[in-house]
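Data block for upload_24.cif (mmCIF, C-alpha atoms and all ligand atoms):
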data_coords
loop_
_atom_site.label_atom_id
_atom_site.label_comp_id
_atom_site.auth_asym_id
_atom_site.auth_seq_id
_atom_site.Cartn_x
_atom_site.Cartn_y
_atom_site.Cartn_z
CA MET A 18 142.05 104.43 44.00
CA LYS A 19 139.81 101.57 45.05
CA GLY A 20 140.81 99.01 42.46
CA LEU A 21 139.05 98.66 39.15
CA ASP A 22 136.44 101.09 38.09
CA VAL A 23 133.55 98.60 38.20
CA PRO A 24 130.62 100.88 39.04
CA GLU A 25 129.08 99.93 42.36
CA ALA A 26 125.65 100.60 40.87
CA GLN A 27 126.35 98.00 38.20
CA VAL A 28 127.33 95.39 40.78
CA LYS A 29 124.21 96.18 42.84
CA ALA A 30 121.90 96.09 39.78
CA ARG A 31 123.20 92.65 38.85
CA GLN A 32 122.49 91.28 42.29
CA ALA A 33 118.82 91.37 41.35
CA VAL A 34 119.14 89.53 38.04
CA THR A 35 122.00 87.02 38.37
CA THR A 36 121.30 83.42 39.28
CA TYR A 37 124.72 82.78 40.80
CA ASP A 38 127.27 84.71 42.80
CA TYR A 39 130.09 82.74 41.24
CA THR A 40 130.62 80.53 38.22
CA SER A 41 133.85 78.56 38.43
CA MET A 42 134.75 77.11 35.02
CA GLY A 43 137.76 74.98 34.18
CA PHE A 44 140.05 72.54 35.92
CA TYR A 45 138.35 70.10 38.32
CA THR A 46 140.53 67.31 39.65
CA PHE A 47 140.35 64.43 42.11
CA ASP A 48 143.24 64.38 44.58
CA CYS A 49 144.39 61.62 46.91
CA LEU A 50 146.88 63.08 49.39
CA GLY A 51 149.23 61.50 51.92
CA TRP A 52 151.27 63.22 54.70
CA PRO A 53 154.13 63.35 55.56
CA PHE A 54 155.96 62.10 52.49
CA THR A 55 159.70 61.54 52.67
CA GLU A 56 160.66 59.34 49.74
CA ILE A 57 159.45 56.43 47.63
CA PRO A 58 160.30 53.23 49.55
CA PRO A 59 162.98 51.17 47.80
CA GLY A 60 161.81 48.17 45.78
CA GLY A 61 158.29 47.11 46.73
CA GLY A 62 158.58 48.49 50.26
CA CYS A 63 156.04 50.40 52.34
CA TYR A 64 156.49 53.42 54.65
CA PRO A 65 153.82 54.42 57.20
CA ILE A 66 152.22 57.89 56.97
CA ASP A 67 150.05 59.76 59.49
CA GLU A 68 147.26 61.11 57.26
CA LEU A 69 145.54 60.27 54.03
CA THR A 70 142.61 62.15 52.52
CA LEU A 71 140.68 62.88 49.32
CA ALA A 72 139.87 66.33 47.91
CA VAL A 73 138.33 68.00 44.88
CA SER A 74 141.10 70.26 43.66
CA GLY A 75 142.08 72.29 40.62
CA ALA A 76 142.00 75.98 39.73
CA ALA A 77 138.21 75.81 39.32
CA GLY A 78 137.39 72.94 41.71
CA THR A 79 139.07 74.25 44.85
CA ALA A 80 137.77 77.72 44.10
CA ALA A 81 134.19 76.44 43.75
CA ILE A 82 134.20 74.61 47.09
CA ALA A 83 136.01 77.32 49.02
CA ALA A 84 133.60 79.93 47.61
CA ALA A 85 130.58 77.81 48.52
CA LYS A 86 131.94 77.31 52.04
CA MET A 87 132.11 81.11 52.29
CA GLY A 88 128.49 81.46 51.27
CA LEU A 89 128.63 82.20 47.53
CA LYS A 90 125.92 80.59 45.41
CA THR A 91 128.27 78.73 43.09
CA LEU A 92 127.95 76.98 39.72
CA ALA A 93 130.55 74.42 38.62
CA VAL A 94 131.49 74.14 34.93
CA GLY A 95 134.04 71.56 33.87
CA GLY A 96 134.67 68.07 32.59
CA ILE A 97 134.95 64.84 34.53
CA GLY A 98 135.24 61.25 33.38
CA ASP A 99 132.77 58.42 33.44
CA ASP A 100 134.58 56.81 36.37
CA LEU A 101 134.67 56.44 40.16
CA MET A 102 136.65 59.65 40.62
CA GLY A 103 134.04 61.54 38.61
CA ASP A 104 131.25 60.12 40.81
CA TRP A 105 133.11 61.29 43.89
CA VAL A 106 133.90 64.76 42.52
CA VAL A 107 130.21 65.41 41.78
CA GLN A 108 129.13 64.05 45.15
CA ARG A 109 131.69 66.17 46.98
CA LEU A 110 130.78 69.37 45.13
CA ARG A 111 127.10 68.78 45.97
CA HIS A 112 128.02 68.12 49.60
CA PHE A 113 129.22 71.72 49.80
CA GLY A 114 126.13 73.05 48.00
CA VAL A 115 127.81 73.68 44.64
CA ASP A 116 125.42 73.44 41.65
CA THR A 117 126.81 70.66 39.42
CA SER A 118 124.14 70.80 36.69
CA THR A 119 126.69 72.08 34.15
CA MET A 120 129.46 69.60 35.01
CA GLN A 121 130.01 67.42 31.93
CA ARG A 122 130.54 63.64 32.19
CA GLU A 123 132.86 62.82 29.29
CA LYS A 124 132.28 59.30 27.96
CA GLY A 125 135.50 57.37 27.47
CA TRP A 126 137.53 59.89 29.51
CA LYS A 127 139.03 59.61 32.97
CA THR A 128 138.59 62.32 35.58
CA SER A 129 141.67 64.54 35.92
CA SER A 130 143.33 63.06 39.03
CA SER A 131 146.46 63.38 41.16
CA ILE A 132 148.32 61.38 43.75
CA VAL A 133 149.78 64.11 45.97
CA THR A 134 152.66 63.32 48.30
CA THR A 135 152.88 66.22 50.76
CA ARG A 136 156.15 66.69 52.64
CA ALA A 137 156.36 67.88 56.25
CA ASP A 138 157.26 71.39 54.99
CA GLY A 139 153.99 71.58 53.02
CA SER A 140 155.52 71.19 49.55
CA ARG A 141 153.69 68.62 47.47
CA PRO A 142 155.17 66.67 44.58
CA ALA A 143 152.41 64.98 42.59
CA LEU A 144 151.67 62.39 39.94
CA HIS A 145 148.94 63.74 37.64
CA MET A 146 146.67 62.18 35.03
CA ALA A 147 145.35 64.94 32.73
CA GLY A 148 141.91 63.47 31.93
CA ALA A 149 138.64 65.13 30.98
CA THR A 150 139.59 68.76 31.66
CA GLY A 151 141.04 68.68 28.13
CA SER A 152 137.76 67.60 26.59
CA PHE A 153 134.85 69.59 28.07
CA PHE A 154 133.28 72.28 25.89
CA VAL A 155 130.66 74.93 26.64
CA THR A 156 127.92 74.99 23.98
CA GLU A 157 125.82 78.00 22.95
CA ALA A 158 122.84 76.38 24.69
CA GLU A 159 124.70 76.32 28.04
CA LEU A 160 126.06 79.85 27.76
CA PRO A 161 123.16 81.92 29.20
CA LYS A 162 123.04 79.80 32.35
CA ILE A 163 126.74 79.84 33.10
CA ILE A 164 127.29 83.56 32.56
CA ALA A 165 124.41 84.55 34.88
CA ALA A 166 126.87 85.19 37.71
CA LYS A 167 128.22 88.23 39.53
CA VAL A 168 131.76 86.88 39.20
CA PHE A 169 132.80 84.54 36.38
CA HIS A 170 136.04 82.64 36.95
CA ALA A 171 138.04 80.68 34.37
CA GLY A 172 140.57 78.58 36.26
CA GLY A 173 143.11 76.43 34.46
CA VAL A 174 143.61 78.15 31.11
CA GLY A 175 146.33 76.07 29.45
CA LEU A 176 144.78 72.74 30.51
CA MET A 177 141.33 73.10 28.90
CA HIS A 178 142.47 71.99 25.48
CA ALA A 179 139.10 72.03 23.70
CA MET A 180 138.18 75.37 25.30
CA ASP A 181 141.62 76.98 25.03
CA LYS A 182 141.36 77.35 21.24
CA GLY A 183 139.20 80.48 21.52
CA ARG A 184 136.06 79.24 23.28
CA THR A 185 137.14 80.35 26.76
CA ALA A 186 137.71 83.83 25.30
CA GLU A 187 134.21 83.80 23.80
CA VAL A 188 132.65 82.67 27.08
CA LEU A 189 134.52 85.33 29.07
CA GLY A 190 133.50 87.93 26.49
CA ALA A 191 129.87 86.91 26.85
CA ALA A 192 130.14 86.98 30.66
CA LYS A 193 131.60 90.48 30.55
CA ALA A 194 128.96 91.66 28.07
CA ALA A 195 126.33 90.35 30.50
CA GLY A 196 127.92 92.46 33.25
CA ALA A 197 129.91 89.86 35.19
CA ILE A 198 133.29 90.63 36.73
CA THR A 199 135.77 88.16 35.20
CA THR A 200 138.76 86.51 36.86
CA VAL A 201 141.29 84.19 35.21
CA ASP A 202 143.89 81.79 36.59
CA VAL A 203 146.17 79.60 34.50
CA PHE A 204 148.08 76.36 34.49
CA ALA A 205 151.11 77.50 32.58
CA GLY A 206 154.77 76.63 32.62
CA SER A 207 156.30 78.27 29.55
CA PRO A 208 155.83 80.88 26.79
CA ASN A 209 154.25 78.04 24.72
CA ASP A 210 151.12 78.54 26.86
CA MET A 211 150.97 82.22 25.89
CA PRO A 212 148.61 81.91 22.86
CA ALA A 213 145.86 80.31 24.98
CA VAL A 214 146.42 82.86 27.75
CA ALA A 215 146.67 85.87 25.41
CA SER A 216 143.31 85.01 23.81
CA VAL A 217 141.44 85.51 27.10
CA LEU A 218 143.27 88.57 28.42
CA PRO A 219 141.09 91.19 26.65
CA TYR A 220 138.06 89.79 28.50
CA THR A 221 139.77 89.51 31.89
CA ASP A 222 139.17 92.02 34.68
CA TYR A 223 141.52 90.34 37.18
CA PHE A 224 144.33 88.04 36.03
CA VAL A 225 145.48 85.92 39.00
CA PRO A 226 148.42 83.63 38.16
CA SER A 227 151.24 82.69 40.51
CA ILE A 228 154.38 84.78 40.05
CA ASP A 229 156.18 81.67 38.77
CA GLU A 230 153.56 81.32 36.03
CA ALA A 231 153.66 85.05 35.21
CA ARG A 232 157.44 84.85 34.83
CA ALA A 233 157.30 81.64 32.79
CA LEU A 234 154.72 83.14 30.42
CA THR A 235 156.44 86.50 29.91
CA GLY A 236 160.12 85.72 30.44
CA LEU A 237 160.14 88.83 32.67
CA PHE A 238 161.44 88.63 36.25
CA ASP A 239 160.29 92.03 37.49
CA MET A 240 156.70 91.86 38.80
CA GLY A 241 155.76 95.34 37.61
CA GLU A 242 157.08 94.65 34.12
CA ALA A 243 155.27 91.31 33.94
CA ALA A 244 152.02 92.97 35.06
CA ARG A 245 152.41 95.72 32.44
CA TYR A 246 152.99 93.03 29.79
CA PHE A 247 149.61 91.42 30.57
CA ILE A 248 147.89 94.82 30.92
CA ASP A 249 149.16 95.77 27.44
CA LEU A 250 147.42 92.60 26.18
CA GLY A 251 144.08 93.75 27.59
CA VAL A 252 143.86 92.73 31.26
CA LYS A 253 142.41 95.38 33.60
CA ALA A 254 144.44 94.27 36.64
CA CYS A 255 147.00 91.63 37.64
CA VAL A 256 147.14 89.91 41.01
CA PHE A 257 150.25 87.75 41.29
CA THR A 258 150.36 85.25 44.15
CA LEU A 259 153.81 84.89 45.72
CA GLY A 260 153.36 81.78 47.91
CA GLY A 261 154.68 82.43 51.42
CA ASP A 262 155.74 85.92 50.28
CA GLY A 263 152.17 87.15 49.80
CA ALA A 264 150.63 88.88 46.81
CA TYR A 265 151.28 91.72 44.35
CA TYR A 266 148.58 93.86 42.70
CA ARG A 267 148.85 96.24 39.76
CA ASP A 268 146.06 97.64 37.59
CA CYS A 269 145.79 99.53 34.31
CA SER A 270 145.75 102.91 36.10
CA GLY A 271 149.24 102.17 37.44
CA PHE A 272 148.01 101.66 41.02
CA SER A 273 149.97 98.85 42.71
CA PHE A 274 150.74 97.38 46.10
CA ARG A 275 152.42 94.39 47.66
CA MET A 276 151.01 92.59 50.71
CA PRO A 277 152.80 90.07 52.95
CA ALA A 278 151.41 86.58 53.54
CA PHE A 279 149.87 85.48 56.84
CA ASP A 280 152.19 83.79 59.29
CA ILE A 281 150.79 80.28 59.54
CA GLN A 282 151.83 76.74 60.39
CA VAL A 283 151.81 75.19 56.91
CA LYS A 284 150.44 71.67 56.50
CA CYS A 285 149.93 71.47 52.73
CA THR A 286 150.10 74.22 50.12
CA CYS A 287 148.03 72.25 47.59
CA GLY A 288 145.36 74.57 46.17
CA CYS A 289 146.55 77.78 47.88
CA GLY A 290 146.29 79.78 44.67
CA ASP A 291 142.90 78.27 43.87
CA ALA A 292 141.59 79.06 47.36
CA PHE A 293 142.99 82.60 46.92
CA ASN A 294 140.76 82.89 43.84
CA ALA A 295 137.70 82.00 45.93
CA GLY A 296 138.48 84.58 48.61
CA PHE A 297 139.08 87.14 45.89
CA ALA A 298 135.64 86.40 44.40
CA VAL A 299 134.02 86.77 47.81
CA GLY A 300 135.60 90.21 48.19
CA LEU A 301 134.31 91.22 44.74
CA VAL A 302 130.79 89.95 45.41
CA LYS A 303 130.72 91.79 48.76
CA GLY A 304 131.96 94.97 47.04
CA PHE A 305 135.05 95.26 49.27
CA ASP A 306 137.85 97.65 48.25
CA ILE A 307 140.78 96.02 46.48
CA GLU A 308 143.17 95.85 49.46
CA THR A 309 140.50 94.20 51.64
CA THR A 310 139.69 91.84 48.77
CA VAL A 311 143.34 90.78 48.39
CA ARG A 312 143.65 90.40 52.18
CA LEU A 313 140.58 88.16 52.26
CA ALA A 314 142.00 86.16 49.33
CA GLN A 315 145.29 85.72 51.17
CA ALA A 316 143.43 84.65 54.31
CA THR A 317 141.63 82.00 52.25
CA GLY A 318 144.94 80.80 50.75
CA ALA A 319 146.58 80.72 54.17
CA LEU A 320 143.72 78.82 55.81
CA ASN A 321 143.82 76.38 52.91
CA ALA A 322 147.46 75.65 53.76
CA THR A 323 146.69 74.78 57.39
CA GLY A 324 145.01 71.49 56.42
CA LEU A 325 145.77 68.52 54.18
CA GLY A 326 144.11 68.83 50.78
CA SER A 327 142.58 71.73 48.91
CA GLN A 328 140.33 74.06 50.95
CA ALA A 329 140.66 71.84 54.05
CA GLY A 330 141.27 74.73 56.44
CA VAL A 331 138.59 77.01 54.96
CA GLU A 332 135.43 77.04 57.10
CA SER A 333 133.13 79.99 56.43
CA PHE A 334 133.07 83.66 55.43
CA GLU A 335 132.96 84.81 59.06
CA HIS A 336 135.89 82.59 60.03
CA THR A 337 137.98 83.76 57.05
CA LEU A 338 137.15 87.42 57.62
CA ASN A 339 138.02 87.14 61.30
CA PHE A 340 141.31 85.46 60.38
CA ALA A 341 142.04 88.25 57.86
CA LYS A 342 141.42 90.89 60.54
CA THR A 343 143.33 89.25 63.39
CA ALA A 344 146.09 86.95 62.10
CA ARG A 345 149.70 88.13 62.00
CA THR A 346 151.43 88.57 58.67
CA ARG A 347 155.00 87.44 58.10
CA ALA A 348 156.20 91.06 58.07
CA SER A 349 154.38 92.17 61.24
N1 LIG B 1 153.59 79.15 52.96
C1 LIG B 1 152.57 80.02 52.95
N2 LIG B 1 152.32 80.80 54.04
C2 LIG B 1 151.31 81.70 54.06
N3 LIG B 1 150.47 81.89 53.02
C3 LIG B 1 150.66 81.14 51.91
C4 LIG B 1 151.71 80.16 51.82
N4 LIG B 1 151.65 79.59 50.59
C5 LIG B 1 150.61 80.19 49.97
N5 LIG B 1 150.01 81.11 50.75
C6 LIG B 1 148.89 81.99 50.40
O1 LIG B 1 148.19 81.47 49.28
C7 LIG B 1 148.32 82.36 48.17
C8 LIG B 1 148.49 81.56 46.90
O2 LIG B 1 149.63 80.74 47.00
P1 LIG B 1 150.62 80.40 45.77
O3 LIG B 1 151.26 81.65 45.29
O4 LIG B 1 151.50 79.31 46.24
O5 LIG B 1 149.58 79.88 44.69
P2 LIG B 1 149.77 78.84 43.48
O6 LIG B 1 151.21 78.58 43.22
O7 LIG B 1 148.96 79.38 42.38
O8 LIG B 1 149.07 77.54 44.07
P3 LIG B 1 148.13 76.46 43.31
O9 LIG B 1 148.84 75.17 43.45
O10 LIG B 1 146.84 76.49 44.05
O11 LIG B 1 147.97 76.88 41.90
C9 LIG B 1 149.49 83.28 48.48
O12 LIG B 1 149.33 84.53 47.84
C10 LIG B 1 149.40 83.37 50.01
O13 LIG B 1 148.47 84.35 50.39
MG MG B 2 147.83 78.49 40.87
#
Do you think you could lay out the structure here as structure tokens?
Amino acid sequence: MKGLDVPEAQVKARQAVTTYDYTSMGFYTFDCLGWPFTEIPPGGGCYPIDELTLAVSGAAGTAAIAAAKMGLKTLAVGGIGDDLMGDWVVQRLRHFGVDTSTMQREKGWKTSSSIVTTRADGSRPALHMAGATGSFFVTEAELPKIIAAKVFHAGGVGLMHAMDKGRTAEVLGAAKAAGAITTVDVFAGSPNDMPAVASVLPYTDYFVPSIDEARALTGLFDMGEAARYFIDLGVKACVFTLGGDGAYYRDCSGFSFRMPAFDIQVKCTCGCGDAFNAGFAVGLVKGFDIETTVRLAQATGALNATGLGSQAGVESFEHTLNFAKTARTRAS
């Protein structure tokens, strides 16, 4: 079994007609990150830190940049505010060659933004302002352009409030009907997020939440049971990311495997799951088998964690592939 039964001929035929390799729709956020964080200074005090940086992050934003770094022709679809952070997000996406023509500037909204305080162990408590991700909306006029992609990714279901009420499902349905492979990641913390998530599952080829999110959505601890729950709702395959414990795959044929994570020196885990999505898309676009695709995705997530800020450690396709082939895993 080589993963989902997406006919190779179909993938090849689309290479001639699609405008983009990858459309990344959803959560785009501006991050300001400091390292290493210990605690908030008492009163109005000030502690020194060694590093400070800015990054475009989010389940769609990190994925778009990491995919572009790895050579995918990438289209960004999301909402940003009419503010300085929005200016910077667009500039940064363009810097990496991402097409920003379908990014929406939302008048009167702020750009979704975070202050991320990364600890020495790579964990990263954050202060987040929700912003324009809740307000962007894909119109019928924009639809043909955004679905002209080999892989269509919706990242941040649960945060796209205007889109989550059925429009993301319609867009994914249109992308699938046009022949795209669809991937979905969420921002979900409880069963209350399930209606928005359930609406998109019938149009989802690969559902890629973290295991914490899968458990929070389903109330099921066992990975196989949680995957079957989503598959019963229409997903073709689940890929759960397990942080430093790797990844778990299960598809509708019953084929499953678990893969350990790469053994890396962690700097910041911000955006690991989002970078994983980009590596996964690269594997799909290249037509790799599912194990190689998950390995490449894990390599992208691991490299992401070696630098401060989303996608910092991701360089290129060749670099990621070489890492995937040569780096030690935690179990080896
Ligand atoms: N500490 C780590 N060591 C090695 N690899 C890691 C580590 N943390 C994450 N990864 C890699 O990144 C992938 C995604 O990480 P994780 O499961 O933490 O995603 P997430 O919780 O969705 O993150 P995000 O904040 O981006 O949504 C993992 O499957 C793994 O391959
Ligand atoms: Mg995630």
List as a tab-separated table every residue of chain A that is in contact with ligand LIG 1 (chain B), defined as an atom at most 8 Å from one of its atoms (using all atoms listed in the file), together with the nearest atom pair and the distance in Å rounded to one decimal, sorted by chain and then rising number.
residue	atom	partner	partner_atom	distance
A:Gly75	CA	B:LIG1	O10	7.2
A:Ala76	CA	B:LIG1	O11	6.4
A:Gly139	CA	B:LIG1	N1	7.6
A:Phe204	CA	B:LIG1	O11	7.4
A:Pro226	CA	B:LIG1	O7	6.0
A:Ser227	CA	B:LIG1	O7	4.4
A:Ile228	CA	B:LIG1	O3	6.9
A:Asp229	CA	B:LIG1	O6	7.4
A:Phe257	CA	B:LIG1	O12	7.4
A:Thr258	CA	B:LIG1	O3	3.9
A:Leu259	CA	B:LIG1	O3	4.1
A:Gly260	CA	B:LIG1	O3	3.4
A:Gly261	CA	B:LIG1	C1	3.5
A:Asp262	CA	B:LIG1	C10	6.8
A:Gly263	CA	B:LIG1	O12	4.3
A:Ala264	CA	B:LIG1	O12	4.7
A:Pro277	CA	B:LIG1	O13	7.6
A:Ala278	CA	B:LIG1	N3	4.8
A:Phe279	CA	B:LIG1	C2	4.9
A:Asp280	CA	B:LIG1	C2	5.7
A:Ile281	CA	B:LIG1	C2	5.7
A:Gln282	CA	B:LIG1	N2	7.6
A:Val283	CA	B:LIG1	N1	5.9
A:Thr286	CA	B:LIG1	N4	5.6
A:Cys287	CA	B:LIG1	O9	5.1
A:Gly288	CA	B:LIG1	O10	3.2
A:Cys289	CA	B:LIG1	O10	4.1
A:Gly290	CA	B:LIG1	O5	3.3
A:Asp291	CA	B:LIG1	O10	4.3
A:Ala292	CA	B:LIG1	O10	6.7
A:Phe293	CA	B:LIG1	C7	5.5
A:Arg312	CA	B:LIG1	O13	7.9
A:Ala314	CA	B:LIG1	O13	6.8
A:Gln315	CA	B:LIG1	O13	3.5
A:Ala316	CA	B:LIG1	O13	6.4
A:Thr317	CA	B:LIG1	O1	7.2
A:Gly318	CA	B:LIG1	O1	3.6
A:Ala319	CA	B:LIG1	N3	4.2
A:Leu320	CA	B:LIG1	N3	7.9
A:Asn321	CA	B:LIG1	O1	7.6
A:Ala322	CA	B:LIG1	C4	6.5
A:Arg347	CA	B:LIG1	C2	7.9
Residues of region 289-328 of chain A that have any atom at most 9 Å from an atom of region 86-90 of chain A: could you tabulate them with the shortest-distance atom pair and the distance in Å to one decimal, using only C-alpha atoms, ordered by chain and increasing number, as JSON lines?
{"residue": "A:Ala295", "atom": "CA", "partner": "A:Met87", "partner_atom": "CA", "distance": 8.5}
{"residue": "A:Gly296", "atom": "CA", "partner": "A:Met87", "partner_atom": "CA", "distance": 8.1}
{"residue": "A:Ala298", "atom": "CA", "partner": "A:Leu89", "partner_atom": "CA", "distance": 8.8}
{"residue": "A:Val299", "atom": "CA", "partner": "A:Leu89", "partner_atom": "CA", "distance": 7.1}
{"residue": "A:Val302", "atom": "CA", "partner": "A:Leu89", "partner_atom": "CA", "distance": 8.3}
Can you write out the residues you just picked, keeping C-alpha atoms, as a compact mmCIF listing (two decimals), in the coordinates of the input?
# COMPACT_ATOMS: atom_id res chain seq x y z
CA ALA A 295 137.70 82.00 45.93
CA GLY A 296 138.48 84.58 48.61
CA ALA A 298 135.64 86.40 44.40
CA VAL A 299 134.02 86.77 47.81
CA VAL A 302 130.79 89.95 45.41
Inset, instruction - Work out how far apart CA of Met120 (chain A) and CA of Gly96 (chain A) are and give it in Å to one decimal. - result: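 For CA of Met120 (chain A) relative to CA of Gly96 (chain A), the distance reads 5.9 Å.
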Legend entry - Selected residue of minimal separation from His178 (chain A) among A:Phe44, A:Glu308, A:Lys253, A:Ser327, counting all atoms listed in the file: A:Phe44
List every protein, DNA or RNA residue that has at least one atom no more than 9 Å from (145.5, 72.2, 34.6) in the file's coordinates, counting all atoms listed in the file, and write the result as a short mmCIF file (atom, residue, chain, number, x, y, z; two decimals) with C-alpha atoms, in the frame of the given file.
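Everything below was put into selection08.cif:
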data_model
loop_
_atom_site.label_atom_id
_atom_site.label_comp_id
_atom_site.auth_asym_id
_atom_site.auth_seq_id
_atom_site.Cartn_x
_atom_site.Cartn_y
_atom_site.Cartn_z
CA GLY A 43 137.76 74.98 34.18
CA PHE A 44 140.05 72.54 35.92
CA TYR A 45 138.35 70.10 38.32
CA THR A 46 140.53 67.31 39.65
CA GLY A 75 142.08 72.29 40.62
CA ALA A 76 142.00 75.98 39.73
CA SER A 129 141.67 64.54 35.92
CA ALA A 147 145.35 64.94 32.73
CA THR A 150 139.59 68.76 31.66
CA GLY A 151 141.04 68.68 28.13
CA GLY A 172 140.57 78.58 36.26
CA GLY A 173 143.11 76.43 34.46
CA VAL A 174 143.61 78.15 31.11
CA GLY A 175 146.33 76.07 29.45
CA LEU A 176 144.78 72.74 30.51
CA MET A 177 141.33 73.10 28.90
CA VAL A 203 146.17 79.60 34.50
CA PHE A 204 148.08 76.36 34.49
CA ALA A 205 151.11 77.50 32.58
#
Inset, instruction - Considering all atoms listed in the file, state which residue in the set A:Ala231, A:Val331, A:Leu313, A:Ala243 is at the smallest distance from ligand MG 2 (chain B). - result: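 Ranked by minimum distance to ligand MG 2 (chain B), first place goes to A:Ala231.
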Inset, instruction - May I ask which of the residues A:Leu50, A:Ile57, A:Leu110, A:Val201 is the closest one to ligand MG 2 (chain B), counting all atoms listed in the file? - result: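 The shortest atom-to-atom distance to ligand MG 2 (chain B) comes from A:Val201.
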Inset, instruction - Report the distance between CA of Ala171 (chain A) and CA of Thr40 (chain A) in Å, rounded to one decimal place. - result: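 Separation between CA of Ala171 (chain A) and CA of Thr40 (chain A): 8.4 Å.
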Inset, instruction - Between A:Cys49, A:Leu101, A:Val311, A:Val115, single out the one closest to Ala341 (chain A), counting all atoms listed in the file. - result: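 Looking at the shortest contact to Ala341 (chain A), the residue is A:Val311.
The smallest atom-to-atom distance between ligand MG 2 (chain B) and any of A:Asp202, A:Glu187, A:Thr323, A:Phe169, using only C-alpha atoms and all ligand atoms, is found for A:Asp202.
Computed from the coordinates, the CA of Asn294 (chain A) to CA of Thr156 (chain A) distance equals 24.9 Å.
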Inset, instruction - Could you pull out every residue with an atom within 8 Å of (126.7, 78.7, 35.0), file coordinates, counting all atoms listed in the file, and send them as a VMD selection string? - result: chain A and resid 37 40 to 41 92 to 94 119 159 to 166
Legend entry - Option closest in space to ligand MG 2 (chain B), from A:Ala80, A:Leu325, A:Ala72, A:Ile248 [counting only C-alpha atoms and all ligand atoms]: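 Of all the options, A:Ala80 lies closest to ligand MG 2 (chain B).
Near Thr199 (chain A), within 8 Å and counting all atoms listed in the file, sit Val168, Phe169, His170, Ala171, Leu189, Ala192, Lys193, Ala197, Val201, Tyr220, Thr221, Asp222 and Tyr223 of chain A, not including residues fewer than 2 positions from it in the same chain.
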